[in-house]
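The structure appears right after this line, and notes come after that.
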Amino acid sequence: MTDLHRLSIREMAEGLKSAQFSSRELTQHYLDRIAKLDDRVNSYVTVTPEYALAQADAADNLLKNGTAGTLAGVPLAHKDIFCTQGIKTSAGSKMLDNFISPYDATVVAKAKAAGLVTLGKVNMDEFAMGSTSESSFYGATKNPWNLEHVPGGSSGGSAAVVAADLAPFATGTDTGGSIRQPASFCGLTGLKPTYGRVSRFGMIAFASSLDQGGPMARSAEDCAFLMNTIAGHDTKDSTSINKEVDNYVANLNATAVKGLRIGIPKQYFNVQGLDAEVKARVEESLKTLENMGAILVEIDLNMTEAYVPTYYLIAPAEASSNLSRYDGVRYGYRCENPKDILDLHKRSRSEAFGAEVQRRILIGTYALSAGYYDAYYVKAQKVRRLIQQDFLTAFENVDVIAAPSAPTTAYKIGANLSPTEMYLGDIYTLAVNLAGLPAINAPVGFDKDSLPVGLQLIGNYWSESQLLSIVHQYQQNTDWHTKRAAIAEENA
């Protein structure tokens, strides 16, 4: 059975239930692929074969006695930002290279309870700060579509493992586009849920008012299966919303595309730096949706120019606060032979944090400092409210809003973009996090270099079912989500 990795999540679950193959066989198949192929992709930080096979055997017992849940025995990979009991949780940083979590994040605990099998922890930009996955202490992850290009970030490892078929789906996190942009770069479907829909307990914090976990997979249907598992209220997370969770799989055909009003922000399609081929592929996908009965409506989002400066004041300020706990004393990296407590703090942080993390801590600390707090941080929070209102006004006339997920396709590794260039690459994704809205990336074609292009659909609060349904129906009429990179076609 050399092609198990080509099955959808539904086909895997049905194959396990009907005993066409066991969870141990399926898990070993992925472990063999990881052993053969991942040295070229560098998507895993930690592979857990013994742990995975033990979970697979437990799932097989449940399947035999008829007490297994829908996804029991299906493997997945976790972004290395989710705490996993007894397994290293590094957040891609030297600072936490020695950190073995004593507990599970809620997302991990829910996956375990559902009988999912953890293959390992995957690479990411350090502390989720970046758009290329090059800032990881463990080296750059490669894009399976072209190993000379980045997979995006910060959930680049999550995107790469799925695109290379080294895991059937993966968890990711999105603070300013970190699910949607790598999904776009790697030709996947990736959903950033409404803020508060998925628990942040046990997810290492970057910017607490922006961070949100979500699924990354090949199709909307695959994402819906994982959302059914990880979504829901959690008393351990004070920002988690106690609201009934949809059955995302059952609702995949619930939204009628015919008559659906899709907002097209004219500001988004006139952004300087929007690649002509990306624009063309996105417009072609919108034409397909129009042919399916959707109505395209031009709208104004007048706060577009404020997205980047607002985000890059608020997110670094929260990062500065969250990362102050890494002081060389309590846990994590500690410098050798410190002269005194000040030397311990300074050298532990400067030796263990990479350049991008240090840059954002410094920006955030400056924005929060006496004399600048009102001029920068408070003002940014007021603009954030205006950005949210801009979207709410638009949703009075349209059902969803369409945009590219990124202005370009995947960058070359080592392109050495300036911080400003990298930050501007997030222009289409940042506002969704600032407003707390849900959004999804869907693959919609390729550029001339055979690199994937993504369409982003932004929904109103709690409209995850609607977004998954629209993309699912789009994927019934197109085959972009079925395309595979050459490395994914290789057999272990």
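Labels used: A, B, ... for chains in the order of the structure tokens, numbers from 1 for residues in each chain, and numbers from 1 for ligands as shown.
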Using only C-alpha atoms, what table do you get, as JSON lines, when you list each residue of region 184-251 of chain A with an atom no more than 6 Å from region 156-174 of chain A, its nearest pair of atoms, and their distance in Å rounded to one decimal, rows by chain then rising number?
{"residue": "A:Asp211", "atom": "CA", "partner": "A:Asp174", "partner_atom": "CA", "distance": 5.7}
{"residue": "A:Gln212", "atom": "CA", "partner": "A:Asp174", "partner_atom": "CA", "distance": 5.3}
{"residue": "A:Gly213", "atom": "CA", "partner": "A:Thr173", "partner_atom": "CA", "distance": 4.2}
{"residue": "A:Gly214", "atom": "CA", "partner": "A:Gly172", "partner_atom": "CA", "distance": 5.5}
{"residue": "A:Pro215", "atom": "CA", "partner": "A:Thr171", "partner_atom": "CA", "distance": 4.9}
{"residue": "A:Met216", "atom": "CA", "partner": "A:Ala170", "partner_atom": "CA", "distance": 5.3}
{"residue": "A:Ala217", "atom": "CA", "partner": "A:Phe169", "partner_atom": "CA", "distance": 4.6}
Would you list the contacts of Glu221 (chain A) as JSON, numbers by chain, taking every protein, DNA or RNA residue within 10 Å and counting only C-alpha atoms, but skipping same-chain residues closer than 4 positions in sequence?
-> {"A": [8, 9, 10, 189, 217, 225, 226, 227, 248, 249, 250, 251, 252, 468, 469, 471, 472, 473, 475]}
C-alpha atoms of the current selection, written as a PDB file, in the first residue's frame:
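The resulting part04.pdb:
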ATOM      1  CA  SER A   8      -8.282  12.375   1.676  1.00  0.00           C
ATOM      2  CA  ILE A   9      -9.066  12.525   5.401  1.00  0.00           C
ATOM      3  CA  ARG A  10     -12.516  11.093   4.697  1.00  0.00           C
ATOM      4  CA  THR A 189      -6.379  25.166   2.172  1.00  0.00           C
ATOM      5  CA  ALA A 217      -4.849  20.640   4.840  1.00  0.00           C
ATOM      6  CA  PHE A 225     -12.674  17.452   9.900  1.00  0.00           C
ATOM      7  CA  LEU A 226      -9.893  19.002  11.965  1.00  0.00           C
ATOM      8  CA  MET A 227     -12.046  22.013  12.920  1.00  0.00           C
ATOM      9  CA  TYR A 248     -18.279  21.874   9.869  1.00  0.00           C
ATOM     10  CA  VAL A 249     -18.255  18.622   7.881  1.00  0.00           C
ATOM     11  CA  ALA A 250     -22.050  18.335   7.815  1.00  0.00           C
ATOM     12  CA  ASN A 251     -22.308  21.974   6.674  1.00  0.00           C
ATOM     13  CA  LEU A 252     -19.931  21.691   3.710  1.00  0.00           C
ATOM     14  CA  LEU A 468     -15.446  26.176   4.377  1.00  0.00           C
ATOM     15  CA  SER A 469     -18.651  25.552   2.439  1.00  0.00           C
ATOM     16  CA  VAL A 471     -14.333  26.776  -0.744  1.00  0.00           C
ATOM     17  CA  HIS A 472     -15.581  23.180  -0.696  1.00  0.00           C
ATOM     18  CA  GLN A 473     -18.030  23.903  -3.505  1.00  0.00           C
ATOM     19  CA  GLN A 475     -13.154  22.727  -5.050  1.00  0.00           C
TER      20      GLN A 475
END
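Between CA of Gly259 (chain A) and CA of Ala431 (chain A) lies a distance of 26.2 Å.
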Please identify which residues in region 54-177 of chain A DSSP calls helix (DSSP H, G or I) from the backbone, and express them as a ChimeraX atom specification.
-> /A:54-65,94-96,106-113,126-128,156-163
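For the residues A:Leu296, A:Val432, A:Cys223, A:Met129, ranking by smallest atom-to-atom distance to Ala355 (chain A) using only C-alpha atoms places A:Met129 first.
Atom to atom, CA of Asp300 (chain A) and CA of Gln267 (chain A) stand 6.9 Å apart.
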Which neighbours of Ile470 (chain A) fall inside 12 Å, counting only C-alpha atoms, when residues of the same chain fewer than 2 positions from it are skipped, and could you give them as a PyMOL selection string?
-> chain A and resi 219-221+248+251-262+286+288-290+292-294+399-402+439-442+455-459+463-468+472-477
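Backbone DSSP assigns strand (DSSP E) in region 202-322 of chain A to Gly213, Gly214, Pro215, Met216, Ala217, Arg261, Ile262, Gly263, Ile264, Pro265, Ile295, Leu296, Val297, Glu298 and Ile299 of chain A.
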How would the residues just picked look written out with N, CA, C and O atoms as a tab-separated table (two decimals), in the first residue's frame?
chain	number	residue	atom	x	y	z
A	213	GLY	N	-5.34	29.59	16.63
A	213	GLY	CA	-4.99	28.32	16.01
A	213	GLY	C	-6.01	27.91	14.96
A	213	GLY	O	-7.16	28.35	14.99
A	214	GLY	N	-5.57	27.06	14.02
A	214	GLY	CA	-6.48	26.59	12.99
A	214	GLY	C	-5.89	25.45	12.19
A	214	GLY	O	-4.73	25.06	12.38
A	215	PRO	N	-6.67	24.91	11.25
A	215	PRO	CA	-6.25	23.74	10.47
A	215	PRO	C	-5.59	24.11	9.14
A	215	PRO	O	-5.94	25.12	8.52
A	216	MET	N	-4.66	23.25	8.71
A	216	MET	CA	-4.06	23.36	7.38
A	216	MET	C	-4.12	21.98	6.74
A	216	MET	O	-3.73	20.97	7.35
A	217	ALA	N	-4.64	21.92	5.51
A	217	ALA	CA	-4.85	20.64	4.84
A	217	ALA	C	-4.95	20.89	3.34
A	217	ALA	O	-4.85	22.02	2.87
A	261	ARG	N	-23.07	37.14	-2.22
A	261	ARG	CA	-22.50	38.44	-2.56
A	261	ARG	C	-21.05	38.48	-2.06
A	261	ARG	O	-20.80	38.44	-0.86
A	262	ILE	N	-20.11	38.56	-3.01
A	262	ILE	CA	-18.68	38.58	-2.69
A	262	ILE	C	-18.15	39.99	-2.89
A	262	ILE	O	-18.19	40.54	-4.00
A	263	GLY	N	-17.66	40.59	-1.83
A	263	GLY	CA	-17.11	41.95	-1.90
A	263	GLY	C	-15.71	41.95	-2.48
A	263	GLY	O	-14.86	41.16	-2.07
A	264	ILE	N	-15.46	42.82	-3.43
A	264	ILE	CA	-14.15	42.97	-4.06
A	264	ILE	C	-13.61	44.35	-3.68
A	264	ILE	O	-14.03	45.36	-4.27
A	265	PRO	N	-12.71	44.44	-2.70
A	265	PRO	CA	-12.20	45.76	-2.30
A	265	PRO	C	-11.28	46.33	-3.38
A	265	PRO	O	-10.26	45.74	-3.71
A	295	ILE	N	-22.34	36.70	-6.86
A	295	ILE	CA	-22.45	38.08	-7.36
A	295	ILE	C	-21.24	38.85	-6.84
A	295	ILE	O	-21.03	38.94	-5.62
A	296	LEU	N	-20.44	39.42	-7.75
A	296	LEU	CA	-19.27	40.19	-7.35
A	296	LEU	C	-19.67	41.65	-7.17
A	296	LEU	O	-20.25	42.25	-8.07
A	297	VAL	N	-19.32	42.20	-6.00
A	297	VAL	CA	-19.72	43.57	-5.66
A	297	VAL	C	-18.47	44.36	-5.28
A	297	VAL	O	-17.75	43.99	-4.35
A	298	GLU	N	-18.22	45.46	-6.01
A	298	GLU	CA	-17.06	46.28	-5.66
A	298	GLU	C	-17.35	47.04	-4.36
A	298	GLU	O	-18.43	47.61	-4.20
A	299	ILE	N	-16.38	47.01	-3.43
A	299	ILE	CA	-16.55	47.70	-2.15
A	299	ILE	C	-15.31	48.54	-1.85
A	299	ILE	O	-14.26	48.38	-2.49
Skip region 315-329 of chain A itself and residues of its chain fewer than 6 positions away, then list as number ranges by chain all residues within 8 Å of it, counting only C-alpha atoms.
-> A: 95, 205-208, 210, 335, 344-345, 348-349, 360-365, 367-368, 377
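Using only C-alpha atoms for every distance, the candidate list A:Cys186, A:Ala492, A:Ala140, A:Leu313 yields A:Ala492 as the residue closest to Met1 (chain A).
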Fewer than 6 positions away in the same chain doesn't count, so skip those; otherwise give me all residues within 10 Å of Gly69 (chain A), counting only C-alpha atoms, as a ChimeraX atom specification.
-> /A:13,17,59,62-63,113-116
Write out, as a CSV table (one decimal), in the first residue's frame, the residues just selected, with all heavy atoms.
chain,number,residue,atom,x,y,z
A,13,ALA,N,-10.3,7.9,7.1
A,13,ALA,CA,-11.2,7.5,8.2
A,13,ALA,C,-12.1,6.3,7.8
A,13,ALA,O,-12.3,5.3,8.5
A,13,ALA,CB,-12.1,8.7,8.6
A,17,LYS,N,-12.0,2.5,9.3
A,17,LYS,CA,-13.3,1.9,9.8
A,17,LYS,C,-13.6,0.5,9.2
A,17,LYS,O,-14.1,-0.4,9.8
A,17,LYS,CB,-14.4,2.8,9.6
A,17,LYS,CG,-14.5,4.1,10.5
A,17,LYS,CD,-15.1,3.7,11.9
A,17,LYS,CE,-15.4,5.0,12.7
A,17,LYS,NZ,-14.4,6.0,12.8
A,59,ALA,N,-5.5,3.4,18.9
A,59,ALA,CA,-6.6,3.6,18.0
A,59,ALA,C,-7.1,2.4,17.3
A,59,ALA,O,-8.3,2.2,17.1
A,59,ALA,CB,-6.2,4.6,16.9
A,62,LEU,N,-9.5,0.6,19.6
A,62,LEU,CA,-10.8,1.3,19.6
A,62,LEU,C,-11.6,0.9,18.3
A,62,LEU,O,-12.8,0.7,18.3
A,62,LEU,CB,-10.6,2.8,19.7
A,62,LEU,CG,-10.1,3.3,21.0
A,62,LEU,CD1,-9.8,4.8,20.8
A,62,LEU,CD2,-11.0,3.0,22.1
A,63,LEU,N,-10.9,0.9,17.1
A,63,LEU,CA,-11.5,0.6,15.9
A,63,LEU,C,-12.0,-0.9,15.9
A,63,LEU,O,-13.1,-1.2,15.4
A,63,LEU,CB,-10.5,0.8,14.7
A,63,LEU,CG,-10.2,2.2,14.4
A,63,LEU,CD1,-8.9,2.3,13.6
A,63,LEU,CD2,-11.3,2.8,13.5
A,113,ALA,N,-7.8,13.1,22.4
A,113,ALA,CA,-9.1,12.5,22.8
A,113,ALA,C,-9.9,12.0,21.6
A,113,ALA,O,-10.6,11.1,21.7
A,113,ALA,CB,-9.9,13.6,23.5
A,114,ALA,N,-9.6,12.6,20.4
A,114,ALA,CA,-10.3,12.2,19.2
A,114,ALA,C,-9.6,10.9,18.6
A,114,ALA,O,-10.1,10.4,17.6
A,114,ALA,CB,-10.3,13.3,18.2
A,115,GLY,N,-8.5,10.5,19.2
A,115,GLY,CA,-7.8,9.3,18.7
A,115,GLY,C,-6.8,9.6,17.5
A,115,GLY,O,-6.3,8.7,16.9
A,116,LEU,N,-6.6,10.9,17.3
A,116,LEU,CA,-5.6,11.3,16.2
A,116,LEU,C,-4.2,10.9,16.7
A,116,LEU,O,-3.9,10.9,17.9
A,116,LEU,CB,-5.7,12.8,15.9
A,116,LEU,CG,-6.9,13.2,15.1
A,116,LEU,CD1,-7.2,14.7,15.3
A,116,LEU,CD2,-6.6,12.9,13.6
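Of the residues under consideration (A:Val108, A:Ala406, A:Val122, A:Val45), A:Val45 shows the shortest atom-to-atom contact distance to Tyr138 (chain A) when counting only C-alpha atoms.
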